[in-house]
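Participant: Right, I'll just put the structure down here and ask away after.
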Amino acid sequence: MAEPVDWRADGIPRSARFDDIYHTETGAPAQARHVFLGGCGLPGAWAGQPQWRILETGFGFGLNFLTTWQAWRADPQRPRLLHFVSIEAFPVSREDLLRAAAGHADLLGLAESLAAQWHGLLPGFHRLCLDEGRVLLTLCIGDVQAMLRAQRFEADSIFLDGFSPQRNPAMWSAETLKAVSRFARRGTRVATWTIARAVCDALAQNGFQVEKAPGLPPKRDCLQSVFEPTWQVRRRGPAPSPAALAGRCAVIGAGLAGGAVAASLARRGWEVEVLEAADRPAAGASGLPVGMLAPHISPDDALLSRLTRAGIRATWQQLEQLLAEGDDWRASGVLERRAAGDDRLPERWTADGPNESWHASPTQLAEAGLSPDAVALWHARGAWVRPSRLIEAWLALPGIRVRARCRAAHIERIDGSVARWGVRDADGALLAEADRIVIAGGIESHALAPEFPLQAVRGQVEWGCMPEDARLPATPLNGNGHLIAGVPAAEGKLWLAGATFDRDSSDVTPRASDTEFNRERLARLHPDAAAKLALAFAHGETHAWAGIRCASGDRRPLVGPLSPDSADGIWLCTALGSRGLSFAVLCAELLAAHWHREPLPLPAKLAQALDARRAWPEKETSQRLASAM
Ligand code: SAM
């Protein structure tokens with residue numbers, strides 16, 4: 001449920017929970033410009049910088065964010081990437097968000113873009129990707145202290161906002177301000193509208209030099225401060241190397257993982273060379289004719305459920321920005337059939353959200369041609385996607401060069417050279433030199449990372465053109481097996497059903513026994529569709545496609561350095577298993593966040609659950625380094 005807002009007769013929004021107004025009569029954008037941007041020396045301070053990262057407490061209606069975004073847009077000297085991280089325990093509704101911006105014509109367009117991504121705001125982190133990924137808003141939904149503990153990055157500016165310290169003490173407590181100071185680097189500026197004594201004292205105790213500055217009427221003063229502690233500051237984790245501020249990177253593998261990494265790095269100014277062993281991109285497991293995007297749901301909202309939701313949001317934004325809806329992907333929603341009694345949702349989820357999965361309604365079941373007593377969930381954020389189209393769009397981004405028929409066999413350190421790593425093929429020929437290497441070759445990553453326990457999981461699907469008279473369900477179906485239909489292609493509308501899971505097999509030759517298995521499962525998933533496709537199967541008019549997925553021991557992706565010795569050079573982004581569409585973008589953004597000390601797109605514990613260091617072979621080393629993560 002969204003936070004209710006009282007709209008006063010004068011148009012000023014008020015919180016009943018805190019018995020306070022969200023902003024004064026002078027208006028939030030004026031306050032944002034004077035107190036927050038002005039107090040942090042912006043926009044001047046970010047001029048010419050590669051990135052700028054802002055931390056804010058209290059997102060409210062996002063007017064500080066919108067004003068900052070507007071200032072960034074208007075500035076020819078703007079940084080390439082603007083990160084804005086904001087913490088909010090009680091998000092307002094989309095309608096209230098737009099209503100608050102409605103009085104500010106210059107912000108309304110931006111507010112509409114923000115509102116379009118204002119959905120699914122369950123507790124946790126949500127990365128909103130705006131202005132083609134050049135403005136990244138990370139909403140941390142939860143109590144300020146818990147969210148500060150879960151986030152890690154080096155902030156360039158900090159906006160302290162909240163209701164008045166008397167009414168909203170948690171926002172301004174000594175503990176909160178101490179936690180905020182963990183984000184500061186020497187020179188980080190903090191701005192706020194209150195000069196409450198306790199706030200000034202807590203900032204000073206945590207290493208900030210605090211000054212009073214003229215406020216925006218009706219307030220007389222505001223507070224500006226800079227992090228200049230008299231002690232030496234130690235931060236956990238390795239410092240980013242100069243190369244991490246964008247250089248040359250070789251990405252090995254042009255599938256979903258490699259494509260997503262290349263795109264994330266190119267957006268940050270890296271020159272990326274993608275080496276692909278096959279004669280074209282998307283030639284491995286990502287070459288699946290059409291794939292399904294659907295979240296994992298569990299009654300206890302388990303780790304995998306939270307990870308897939310974050311992943312789907314990240315992918316969804318890329319699909320919207322780069323592909324043609326209806327042709328390359330379709331925001332269809334997905335129905336997931338469940339066994340009777342196995343359809344429990346997390347207790348706090350409600351019929352009005354913010355969750356975006358529910359029990360399927362009788363109408364949804366009927367429209368999909370399922371019996372009214374079928375047990376199913378409805379995932380509003382579900383889709384079918386043609387993975388090769390997404391990969392193609394990523395690889396076409398400026399700053400990326402693809403080289404096919406380049407099979408990397410060996411990576412070596414090059415001493416005394418500017419580019420520190422070389423990639424060679426099996427004959428010893430140098431394929432690429434780069435500051436950093438990312439191994440994203442799916443199961444073929446094994447050759448370059450033999451110490452990682454990567455498992456091959458063969459998958460076979462059946463597909464074909466829809467018979468002219470066959471009405472197959474328009475909504476993709478998931479469950480024990482899956483069915484996607486109505487995918488436009490040159491040859492007509494396609495359907496696809498699968499997929500098998502066959503451990504430790506790497507033979508991609510289609511198998512008749514798997515075709516039979518897929519067909520039997522389809523008969524249970526959707527008997528009517530199976531009956532309509534029976535003739536096509538009988539007449540050999542169907543095709544089989546098999547690919548080899550790459551999985552880790554615990555079935556979660558591996559994102560991180562290959563070994564302690566190569567932490568500043570060779571990274572891994574692989575083991576996406578059968579969830580490449582859900583995980584590729586999220587993993588790529590996580591890798592980029594680590595390299596640049598950017599805000600995490602996921603709470604730290606979830607990020608750790610994807611960290612490759614958990615799979616380092618020597619337990620001791622991994623434990624030693626776990627403390628540095
Ligand atoms: N910065 C906002 C803007 O630009 O529109 C206005 C922020 S409003 C004054 C303060 C916000 O802090 C409210 O939205 C409130 O829900 C949030 N808040 C209050 N206490 C909080 C807490 N303990 N943790 C997280 N958010 C909190």
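By convention here, the chains of the structure tokens are called A, B, ... in the order presented, each chain's residues are numbered starting at 1, and ligands are numbered starting at 1 in the order presented.
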Excluding same-chain residues fewer than 6 positions from range 12-19 of chain A, what lies within 9 Å of it counting only C-alpha atoms, as number ranges by chain?

Facilitator: A: 3-6, 25, 27, 100, 163-164, 167-168

Participant: Quick one: residues within 6 Å of range 152-160 of chain A, only C-alpha atoms, excluding same-chain residues fewer than 2 positions away - as an mmCIF file with all heavy atoms, in the first residue's frame?

Facilitator:
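Wrote selection-v4.cif, looks like this:
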```
data_model
loop_
_atom_site.group_PDB
_atom_site.id
_atom_site.type_symbol
_atom_site.label_atom_id
_atom_site.label_comp_id
_atom_site.auth_asym_id
_atom_site.auth_seq_id
_atom_site.Cartn_x
_atom_site.Cartn_y
_atom_site.Cartn_z
ATOM 1 N N PHE A 36 20.098 22.150 -1.369
ATOM 2 C CA PHE A 36 20.785 20.878 -1.615
ATOM 3 C C PHE A 36 21.841 20.997 -2.713
ATOM 4 O O PHE A 36 23.020 20.734 -2.460
ATOM 5 C CB PHE A 36 19.756 19.779 -1.913
ATOM 6 C CG PHE A 36 18.923 19.450 -0.701
ATOM 7 C CD1 PHE A 36 17.601 19.874 -0.602
ATOM 8 C CD2 PHE A 36 19.466 18.753 0.368
ATOM 9 C CE1 PHE A 36 16.842 19.592 0.525
ATOM 10 C CE2 PHE A 36 18.719 18.472 1.503
ATOM 11 C CZ PHE A 36 17.403 18.886 1.583
ATOM 12 N N ARG A 53 27.999 10.814 -7.742
ATOM 13 C CA ARG A 53 27.108 9.949 -6.970
ATOM 14 C C ARG A 53 26.547 10.707 -5.782
ATOM 15 O O ARG A 53 27.303 11.233 -4.960
ATOM 16 C CB ARG A 53 27.861 8.738 -6.440
ATOM 17 C CG ARG A 53 28.689 8.056 -7.504
ATOM 18 C CD ARG A 53 29.969 7.646 -6.896
ATOM 19 N NE ARG A 53 31.073 7.908 -7.762
ATOM 20 C CZ ARG A 53 31.879 6.962 -8.233
ATOM 21 N NH1 ARG A 53 31.704 5.723 -7.914
ATOM 22 N NH2 ARG A 53 32.877 7.278 -9.001
ATOM 23 N N ILE A 54 25.248 10.749 -5.724
ATOM 24 C CA ILE A 54 24.577 11.498 -4.664
ATOM 25 C C ILE A 54 23.815 10.531 -3.776
ATOM 26 O O ILE A 54 23.142 9.618 -4.270
ATOM 27 C CB ILE A 54 23.605 12.534 -5.282
ATOM 28 C CG1 ILE A 54 24.394 13.525 -6.146
ATOM 29 C CG2 ILE A 54 22.817 13.262 -4.193
ATOM 30 C CD1 ILE A 54 23.553 14.547 -6.895
ATOM 31 N N LEU A 55 23.928 10.735 -2.481
ATOM 32 C CA LEU A 55 23.138 9.960 -1.515
ATOM 33 C C LEU A 55 22.123 10.906 -0.894
ATOM 34 O O LEU A 55 22.488 12.010 -0.466
ATOM 35 C CB LEU A 55 24.049 9.390 -0.421
ATOM 36 C CG LEU A 55 23.337 8.748 0.766
ATOM 37 C CD1 LEU A 55 22.604 7.466 0.366
ATOM 38 C CD2 LEU A 55 24.337 8.420 1.894
ATOM 39 N N GLU A 56 20.866 10.474 -0.830
ATOM 40 C CA GLU A 56 19.836 11.290 -0.199
ATOM 41 C C GLU A 56 19.095 10.444 0.831
ATOM 42 O O GLU A 56 18.801 9.268 0.589
ATOM 43 C CB GLU A 56 18.823 11.787 -1.245
ATOM 44 C CG GLU A 56 17.717 12.633 -0.608
ATOM 45 C CD GLU A 56 16.556 12.936 -1.569
ATOM 46 O OE1 GLU A 56 16.013 11.985 -2.157
ATOM 47 O OE2 GLU A 56 16.203 14.106 -1.703
ATOM 48 N N THR A 57 18.765 11.055 1.950
ATOM 49 C CA THR A 57 17.870 10.392 2.894
ATOM 50 C C THR A 57 16.482 11.005 2.688
ATOM 51 O O THR A 57 16.340 12.231 2.706
ATOM 52 C CB THR A 57 18.354 10.608 4.343
ATOM 53 O OG1 THR A 57 18.564 12.003 4.543
ATOM 54 C CG2 THR A 57 19.646 9.877 4.623
ATOM 55 N N PHE A 183 29.752 6.887 3.949
ATOM 56 C CA PHE A 183 29.698 7.033 2.493
ATOM 57 C C PHE A 183 30.596 8.163 1.991
ATOM 58 O O PHE A 183 30.768 8.331 0.795
ATOM 59 C CB PHE A 183 28.254 7.318 2.043
ATOM 60 C CG PHE A 183 27.352 6.116 2.213
ATOM 61 C CD1 PHE A 183 26.838 5.778 3.453
ATOM 62 C CD2 PHE A 183 27.060 5.306 1.136
ATOM 63 C CE1 PHE A 183 26.039 4.659 3.614
ATOM 64 C CE2 PHE A 183 26.260 4.185 1.279
ATOM 65 C CZ PHE A 183 25.737 3.860 2.527
ATOM 66 N N ALA A 184 31.120 8.947 2.934
ATOM 67 C CA ALA A 184 31.855 10.138 2.508
ATOM 68 C C ALA A 184 33.311 9.809 2.191
ATOM 69 O O ALA A 184 33.926 8.967 2.840
ATOM 70 C CB ALA A 184 31.789 11.183 3.608
ATOM 71 N N THR A 188 33.738 15.159 0.306
ATOM 72 C CA THR A 188 32.293 14.999 0.079
ATOM 73 C C THR A 188 31.544 16.087 0.837
ATOM 74 O O THR A 188 31.818 16.336 2.015
ATOM 75 C CB THR A 188 31.816 13.613 0.583
ATOM 76 O OG1 THR A 188 32.460 12.616 -0.188
ATOM 77 C CG2 THR A 188 30.303 13.466 0.481
ATOM 78 N N ARG A 189 30.591 16.733 0.154
ATOM 79 C CA ARG A 189 29.830 17.797 0.801
ATOM 80 C C ARG A 189 28.459 17.275 1.209
ATOM 81 O O ARG A 189 27.857 16.469 0.515
ATOM 82 C CB ARG A 189 29.665 18.988 -0.146
ATOM 83 C CG ARG A 189 31.005 19.610 -0.543
ATOM 84 C CD ARG A 189 30.782 20.877 -1.348
ATOM 85 N NE ARG A 189 30.177 21.907 -0.504
ATOM 86 C CZ ARG A 189 30.867 22.747 0.259
ATOM 87 N NH1 ARG A 189 32.177 22.682 0.299
ATOM 88 N NH2 ARG A 189 30.254 23.654 0.982
ATOM 89 N N VAL A 190 27.994 17.778 2.352
ATOM 90 C CA VAL A 190 26.674 17.418 2.863
ATOM 91 C C VAL A 190 25.850 18.687 2.966
ATOM 92 O O VAL A 190 26.354 19.721 3.421
ATOM 93 C CB VAL A 190 26.787 16.782 4.266
ATOM 94 C CG1 VAL A 190 25.417 16.607 4.901
ATOM 95 C CG2 VAL A 190 27.473 15.425 4.180
ATOM 96 N N ALA A 191 24.594 18.620 2.544
ATOM 97 C CA ALA A 191 23.728 19.804 2.669
ATOM 98 C C ALA A 191 22.397 19.408 3.278
ATOM 99 O O ALA A 191 21.898 18.302 3.043
ATOM 100 C CB ALA A 191 23.494 20.421 1.289
ATOM 101 N N THR A 192 21.824 20.315 4.064
ATOM 102 C CA THR A 192 20.474 20.121 4.574
ATOM 103 C C THR A 192 19.871 21.463 4.989
ATOM 104 O O THR A 192 20.576 22.470 5.098
ATOM 105 C CB THR A 192 20.430 19.110 5.734
ATOM 106 O OG1 THR A 192 19.071 18.921 6.105
ATOM 107 C CG2 THR A 192 21.220 19.558 6.946
ATOM 108 N N ARG A 597 33.313 1.585 -7.747
ATOM 109 C CA ARG A 597 32.833 1.977 -6.417
ATOM 110 C C ARG A 597 31.514 2.736 -6.504
ATOM 111 O O ARG A 597 31.303 3.750 -5.834
ATOM 112 C CB ARG A 597 33.856 2.834 -5.695
ATOM 113 C CG ARG A 597 34.966 2.040 -5.131
ATOM 114 C CD ARG A 597 35.230 2.495 -3.714
ATOM 115 N NE ARG A 597 36.196 1.622 -3.112
ATOM 116 C CZ ARG A 597 37.037 1.981 -2.198
ATOM 117 N NH1 ARG A 597 37.050 3.224 -1.767
ATOM 118 N NH2 ARG A 597 37.850 1.117 -1.675
ATOM 119 N N GLU A 598 30.667 2.268 -7.387
ATOM 120 C CA GLU A 598 29.351 2.896 -7.562
ATOM 121 C C GLU A 598 28.374 2.298 -6.565
ATOM 122 O O GLU A 598 28.624 1.238 -5.997
ATOM 123 C CB GLU A 598 28.829 2.584 -8.966
ATOM 124 C CG GLU A 598 29.515 3.338 -10.059
ATOM 125 C CD GLU A 598 29.021 2.889 -11.433
ATOM 126 O OE1 GLU A 598 27.876 2.422 -11.546
ATOM 127 O OE2 GLU A 598 29.802 3.007 -12.381
ATOM 128 N N PRO A 599 27.219 2.940 -6.426
ATOM 129 C CA PRO A 599 26.184 2.358 -5.585
ATOM 130 C C PRO A 599 25.836 0.940 -6.042
ATOM 131 O O PRO A 599 25.813 0.654 -7.239
ATOM 132 C CB PRO A 599 24.988 3.288 -5.822
ATOM 133 C CG PRO A 599 25.597 4.582 -6.239
ATOM 134 C CD PRO A 599 26.848 4.244 -6.981
#
```

Participant: Once DSSP has gone over the backbone, tell me which residues of range 243-334 of chain A are in alpha helix (DSSP H), as a PyMOL selection string.

Facilitator: chain A and resi 256-267+303-322

Participant: For the selection you just gave me, I'd like the residues written to a file as a PDB file, in the first residue's frame, keeping C-alpha atoms.

Facilitator:
```
ATOM      1  CA  LEU A 256      23.733 -12.537 -22.850  1.00  0.00           C
ATOM      2  CA  ALA A 257      26.389 -12.237 -20.125  1.00  0.00           C
ATOM      3  CA  GLY A 258      29.091 -10.818 -22.407  1.00  0.00           C
ATOM      4  CA  GLY A 259      26.677  -8.539 -24.259  1.00  0.00           C
ATOM      5  CA  ALA A 260      25.319  -7.082 -21.040  1.00  0.00           C
ATOM      6  CA  VAL A 261      28.810  -6.542 -19.575  1.00  0.00           C
ATOM      7  CA  ALA A 262      29.959  -4.863 -22.780  1.00  0.00           C
ATOM      8  CA  ALA A 263      26.950  -2.520 -22.702  1.00  0.00           C
ATOM      9  CA  SER A 264      27.359  -1.626 -19.013  1.00  0.00           C
ATOM     10  CA  LEU A 265      31.045  -0.856 -19.475  1.00  0.00           C
ATOM     11  CA  ALA A 266      30.628   1.046 -22.741  1.00  0.00           C
ATOM     12  CA  ARG A 267      28.035   3.273 -21.053  1.00  0.00           C
ATOM     13  CA  LEU A 303      17.028 -15.047  -1.970  1.00  0.00           C
ATOM     14  CA  LEU A 304      16.379 -16.320  -5.494  1.00  0.00           C
ATOM     15  CA  SER A 305      12.987 -14.602  -5.565  1.00  0.00           C
ATOM     16  CA  ARG A 306      14.482 -11.242  -4.610  1.00  0.00           C
ATOM     17  CA  LEU A 307      17.361 -11.676  -7.033  1.00  0.00           C
ATOM     18  CA  THR A 308      15.120 -12.530  -9.987  1.00  0.00           C
ATOM     19  CA  ARG A 309      12.843  -9.548  -9.292  1.00  0.00           C
ATOM     20  CA  ALA A 310      15.807  -7.173  -9.285  1.00  0.00           C
ATOM     21  CA  GLY A 311      17.127  -8.862 -12.412  1.00  0.00           C
ATOM     22  CA  ILE A 312      13.845  -8.606 -14.269  1.00  0.00           C
ATOM     23  CA  ARG A 313      13.528  -4.907 -13.507  1.00  0.00           C
ATOM     24  CA  ALA A 314      17.032  -4.367 -14.899  1.00  0.00           C
ATOM     25  CA  THR A 315      16.302  -6.397 -18.046  1.00  0.00           C
ATOM     26  CA  TRP A 316      12.872  -4.850 -18.557  1.00  0.00           C
ATOM     27  CA  GLN A 317      14.341  -1.362 -18.776  1.00  0.00           C
ATOM     28  CA  GLN A 318      16.790  -2.516 -21.437  1.00  0.00           C
ATOM     29  CA  LEU A 319      14.012  -4.202 -23.413  1.00  0.00           C
ATOM     30  CA  GLU A 320      11.934  -1.031 -23.299  1.00  0.00           C
ATOM     31  CA  GLN A 321      14.836   1.159 -24.308  1.00  0.00           C
ATOM     32  CA  LEU A 322      16.491  -0.943 -26.987  1.00  0.00           C
TER      33      LEU A 322
END
```

Participant: For Ala202 in chain A, which residue out of A:Val180, A:Glu462, A:Ala74, A:Ala374 is the nearest one, using only C-alpha atoms?

Facilitator: A:Val180

Participant: Give me, as a PDB file with C-alpha atoms, in the first residue's frame, all polymer residues having an atom no more than 12 Å from Ala607 in chain A, counting only C-alpha atoms and skipping those fewer than 3 positions away in the same chain.

Facilitator:
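So the final result, stored in part_30.pdb, reads:
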```pdb
ATOM      1  CA  PHE A 125      16.600  -1.843  -3.627  1.00  0.00           C
ATOM      2  CA  ALA A 150      22.812  -2.493   3.028  1.00  0.00           C
ATOM      3  CA  GLN A 151      24.261   0.061   0.580  1.00  0.00           C
ATOM      4  CA  ARG A 152      27.967   0.675  -0.189  1.00  0.00           C
ATOM      5  CA  LEU A 303      17.028 -15.047  -1.970  1.00  0.00           C
ATOM      6  CA  LEU A 304      16.379 -16.320  -5.494  1.00  0.00           C
ATOM      7  CA  ARG A 306      14.482 -11.242  -4.610  1.00  0.00           C
ATOM      8  CA  LEU A 307      17.361 -11.676  -7.033  1.00  0.00           C
ATOM      9  CA  ALA A 310      15.807  -7.173  -9.285  1.00  0.00           C
ATOM     10  CA  GLY A 311      17.127  -8.862 -12.412  1.00  0.00           C
ATOM     11  CA  ARG A 556      23.586 -18.569  -8.655  1.00  0.00           C
ATOM     12  CA  PRO A 557      25.641 -16.476 -11.097  1.00  0.00           C
ATOM     13  CA  LEU A 558      29.317 -15.818 -10.445  1.00  0.00           C
ATOM     14  CA  VAL A 559      30.391 -12.172 -10.657  1.00  0.00           C
ATOM     15  CA  GLY A 560      33.805 -11.248  -9.332  1.00  0.00           C
ATOM     16  CA  LEU A 586      21.920  -7.184 -13.112  1.00  0.00           C
ATOM     17  CA  CYS A 587      25.251  -9.048 -13.050  1.00  0.00           C
ATOM     18  CA  ALA A 588      26.798  -6.634 -15.543  1.00  0.00           C
ATOM     19  CA  GLU A 589      25.701  -3.630 -13.483  1.00  0.00           C
ATOM     20  CA  LEU A 590      27.018  -5.285 -10.331  1.00  0.00           C
ATOM     21  CA  LEU A 591      30.395  -5.825 -11.968  1.00  0.00           C
ATOM     22  CA  ALA A 593      29.485  -1.046  -9.575  1.00  0.00           C
ATOM     23  CA  HIS A 594      32.389  -2.974  -8.048  1.00  0.00           C
ATOM     24  CA  PRO A 599      26.184   2.358  -5.585  1.00  0.00           C
ATOM     25  CA  LEU A 600      25.196  -1.288  -5.429  1.00  0.00           C
ATOM     26  CA  PRO A 601      22.163  -2.195  -7.511  1.00  0.00           C
ATOM     27  CA  LEU A 602      21.303  -4.772  -4.810  1.00  0.00           C
ATOM     28  CA  PRO A 603      21.504  -4.838  -1.009  1.00  0.00           C
ATOM     29  CA  ALA A 604      25.023  -5.920   0.014  1.00  0.00           C
ATOM     30  CA  LEU A 610      26.368 -13.440  -6.546  1.00  0.00           C
ATOM     31  CA  ASP A 611      30.013 -12.803  -5.742  1.00  0.00           C
ATOM     32  CA  ALA A 612      32.412 -15.188  -7.471  1.00  0.00           C
ATOM     33  CA  ARG A 613      34.662 -15.152  -4.409  1.00  0.00           C
ATOM     34  CA  ARG A 614      32.294 -17.598  -2.740  1.00  0.00           C
ATOM     35  CA  MET A 629      34.030  -7.666   0.224  1.00  0.00           C
TER      36      MET A 629
END
```

Participant: Out of A:Asp10, A:Asp161, A:Glu95, A:Glu132, which residue has the shortest atom-to-atom distance to ligand 1 when counting only C-alpha atoms and all ligand atoms?

Facilitator: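 For ligand 1, the nearest of the candidates is A:Asp161.
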
Participant: Could you list, as a VMD selection string, all residues that come within 8 Å of ligand 1? Count only C-alpha atoms and all ligand atoms.

Facilitator: chain A and resid 3 15 18 21 to 23 28 to 29 32 56 to 66 87 to 92 141 to 145 161 to 164 168 to 171

Participant: Quick one, how far is CA of Thr68 in chain A from CA of Val226 in chain A?

Facilitator: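 Between CA of Thr68 in chain A and CA of Val226 in chain A the gap works out to 19.2 Å.
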
Participant: Could you list, as a ChimeraX atom specification, every residue within 12 Å of Arg268 in chain A, counting only C-alpha atoms and ignoring same-chain residues fewer than 2 positions away?

Facilitator: /A:49-52,79-83,133-136,244-249,261-266,270-272,397-400,588-589,591-593,595-596,598

Participant: Give me the residues near Leu110 in chain A as a ChimeraX atom specification, where near means some atom within 12 Å (using only C-alpha atoms) and where sequence neighbours in that chain fewer than 6 positions away do not count.

Facilitator: /A:62-63,65-73,97-98,101-102,104,116-117,130-131,135

Participant: Can those selected residues be exported to a file as an mmCIF file, in the first residue's frame so that it contains N, CA, C and O atoms?

Facilitator:
```cif
data_model
loop_
_atom_site.group_PDB
_atom_site.id
_atom_site.type_symbol
_atom_site.label_atom_id
_atom_site.label_comp_id
_atom_site.auth_asym_id
_atom_site.auth_seq_id
_atom_site.Cartn_x
_atom_site.Cartn_y
_atom_site.Cartn_z
ATOM 1 N N GLY A 62 10.381 12.902 -4.637
ATOM 2 C CA GLY A 62 11.475 12.892 -5.596
ATOM 3 C C GLY A 62 11.760 14.258 -6.202
ATOM 4 O O GLY A 62 12.385 14.348 -7.263
ATOM 5 N N LEU A 63 11.335 15.338 -5.533
ATOM 6 C CA LEU A 63 11.536 16.658 -6.155
ATOM 7 C C LEU A 63 13.007 17.073 -6.116
ATOM 8 O O LEU A 63 13.493 17.722 -7.043
ATOM 9 N N PHE A 65 15.374 14.929 -6.410
ATOM 10 C CA PHE A 65 15.948 14.130 -7.496
ATOM 11 C C PHE A 65 15.636 14.762 -8.852
ATOM 12 O O PHE A 65 16.521 14.943 -9.689
ATOM 13 N N LEU A 66 14.382 15.129 -9.064
ATOM 14 C CA LEU A 66 13.988 15.682 -10.371
ATOM 15 C C LEU A 66 14.740 16.980 -10.659
ATOM 16 O O LEU A 66 15.184 17.226 -11.787
ATOM 17 N N THR A 67 14.913 17.790 -9.628
ATOM 18 C CA THR A 67 15.622 19.065 -9.821
ATOM 19 C C THR A 67 17.096 18.802 -10.143
ATOM 20 O O THR A 67 17.699 19.491 -10.980
ATOM 21 N N THR A 68 17.661 17.797 -9.502
ATOM 22 C CA THR A 68 19.065 17.450 -9.765
ATOM 23 C C THR A 68 19.209 16.912 -11.188
ATOM 24 O O THR A 68 20.136 17.278 -11.929
ATOM 25 N N TRP A 69 18.289 16.056 -11.565
ATOM 26 C CA TRP A 69 18.308 15.476 -12.910
ATOM 27 C C TRP A 69 18.190 16.595 -13.949
ATOM 28 O O TRP A 69 18.916 16.640 -14.940
ATOM 29 N N GLN A 70 17.300 17.534 -13.671
ATOM 30 C CA GLN A 70 17.118 18.659 -14.593
ATOM 31 C C GLN A 70 18.412 19.479 -14.699
ATOM 32 O O GLN A 70 18.834 19.856 -15.795
ATOM 33 N N ALA A 71 19.065 19.719 -13.561
ATOM 34 C CA ALA A 71 20.317 20.498 -13.583
ATOM 35 C C ALA A 71 21.390 19.736 -14.364
ATOM 36 O O ALA A 71 22.177 20.328 -15.120
ATOM 37 N N TRP A 72 21.411 18.421 -14.196
ATOM 38 C CA TRP A 72 22.380 17.580 -14.925
ATOM 39 C C TRP A 72 22.150 17.686 -16.428
ATOM 40 O O TRP A 72 23.078 17.860 -17.209
ATOM 41 N N ARG A 73 20.868 17.613 -16.806
ATOM 42 C CA ARG A 73 20.530 17.679 -18.236
ATOM 43 C C ARG A 73 20.946 19.005 -18.850
ATOM 44 O O ARG A 73 21.375 19.069 -19.993
ATOM 45 N N LEU A 97 2.939 11.165 -6.735
ATOM 46 C CA LEU A 97 4.241 11.582 -7.285
ATOM 47 C C LEU A 97 4.018 12.594 -8.418
ATOM 48 O O LEU A 97 4.652 13.658 -8.477
ATOM 49 N N LEU A 98 3.064 12.280 -9.292
ATOM 50 C CA LEU A 98 2.788 13.162 -10.429
ATOM 51 C C LEU A 98 2.090 14.441 -9.972
ATOM 52 O O LEU A 98 2.344 15.520 -10.501
ATOM 53 N N ALA A 101 4.524 16.971 -8.777
ATOM 54 C CA ALA A 101 5.328 17.607 -9.832
ATOM 55 C C ALA A 101 4.471 18.481 -10.733
ATOM 56 O O ALA A 101 5.002 19.308 -11.486
ATOM 57 N N ALA A 102 3.136 18.314 -10.630
ATOM 58 C CA ALA A 102 2.244 18.978 -11.591
ATOM 59 C C ALA A 102 2.382 20.502 -11.556
ATOM 60 O O ALA A 102 2.246 21.159 -12.582
ATOM 61 N N HIS A 104 5.014 22.156 -11.316
ATOM 62 C CA HIS A 104 6.336 22.593 -11.801
ATOM 63 C C HIS A 104 6.490 22.128 -13.247
ATOM 64 O O HIS A 104 7.001 21.029 -13.501
ATOM 65 N N ALA A 116 6.776 6.316 -14.851
ATOM 66 C CA ALA A 116 6.639 5.114 -15.681
ATOM 67 C C ALA A 116 7.414 3.942 -15.075
ATOM 68 O O ALA A 116 7.105 2.785 -15.340
ATOM 69 N N GLN A 117 8.424 4.243 -14.262
ATOM 70 C CA GLN A 117 9.186 3.139 -13.645
ATOM 71 C C GLN A 117 8.846 2.980 -12.160
ATOM 72 O O GLN A 117 9.513 2.237 -11.442
ATOM 73 N N LEU A 130 17.284 5.775 -16.184
ATOM 74 C CA LEU A 130 16.660 6.894 -16.889
ATOM 75 C C LEU A 130 17.652 7.497 -17.881
ATOM 76 O O LEU A 130 18.867 7.267 -17.762
ATOM 77 N N ASP A 131 17.123 8.275 -18.822
ATOM 78 C CA ASP A 131 17.985 8.898 -19.832
ATOM 79 C C ASP A 131 18.966 7.885 -20.423
ATOM 80 O O ASP A 131 20.193 8.079 -20.398
ATOM 81 N N VAL A 135 21.358 8.245 -16.221
ATOM 82 C CA VAL A 135 20.923 8.673 -14.890
ATOM 83 C C VAL A 135 20.367 7.434 -14.197
ATOM 84 O O VAL A 135 19.402 6.832 -14.668
#
```

Participant: Can you tell me which residues surround Glu336 in chain A at a distance of at most 9 Å, considering only C-alpha atoms, apart from same-chain residues fewer than 6 positions away, and format the answer as a PyMOL selection string?

Facilitator: chain A and resi 294+360+375-379+476-480+482

Participant: Here is a test: counting only C-alpha atoms, which residue of A:Trp172, A:Trp7, A:Trp463, A:Trp46 is nearest to Ala544 in chain A?

Facilitator: A:Trp463

Participant: Would you return as an NGL selection string the members of range 321-408 of chain A that DSSP assigns to strand (DSSP E or B) on this structure's backbone?

Facilitator: :A and (325 or 329-330 or 334-337 or 357-359 or 376-379 or 383-385 or 400-403)
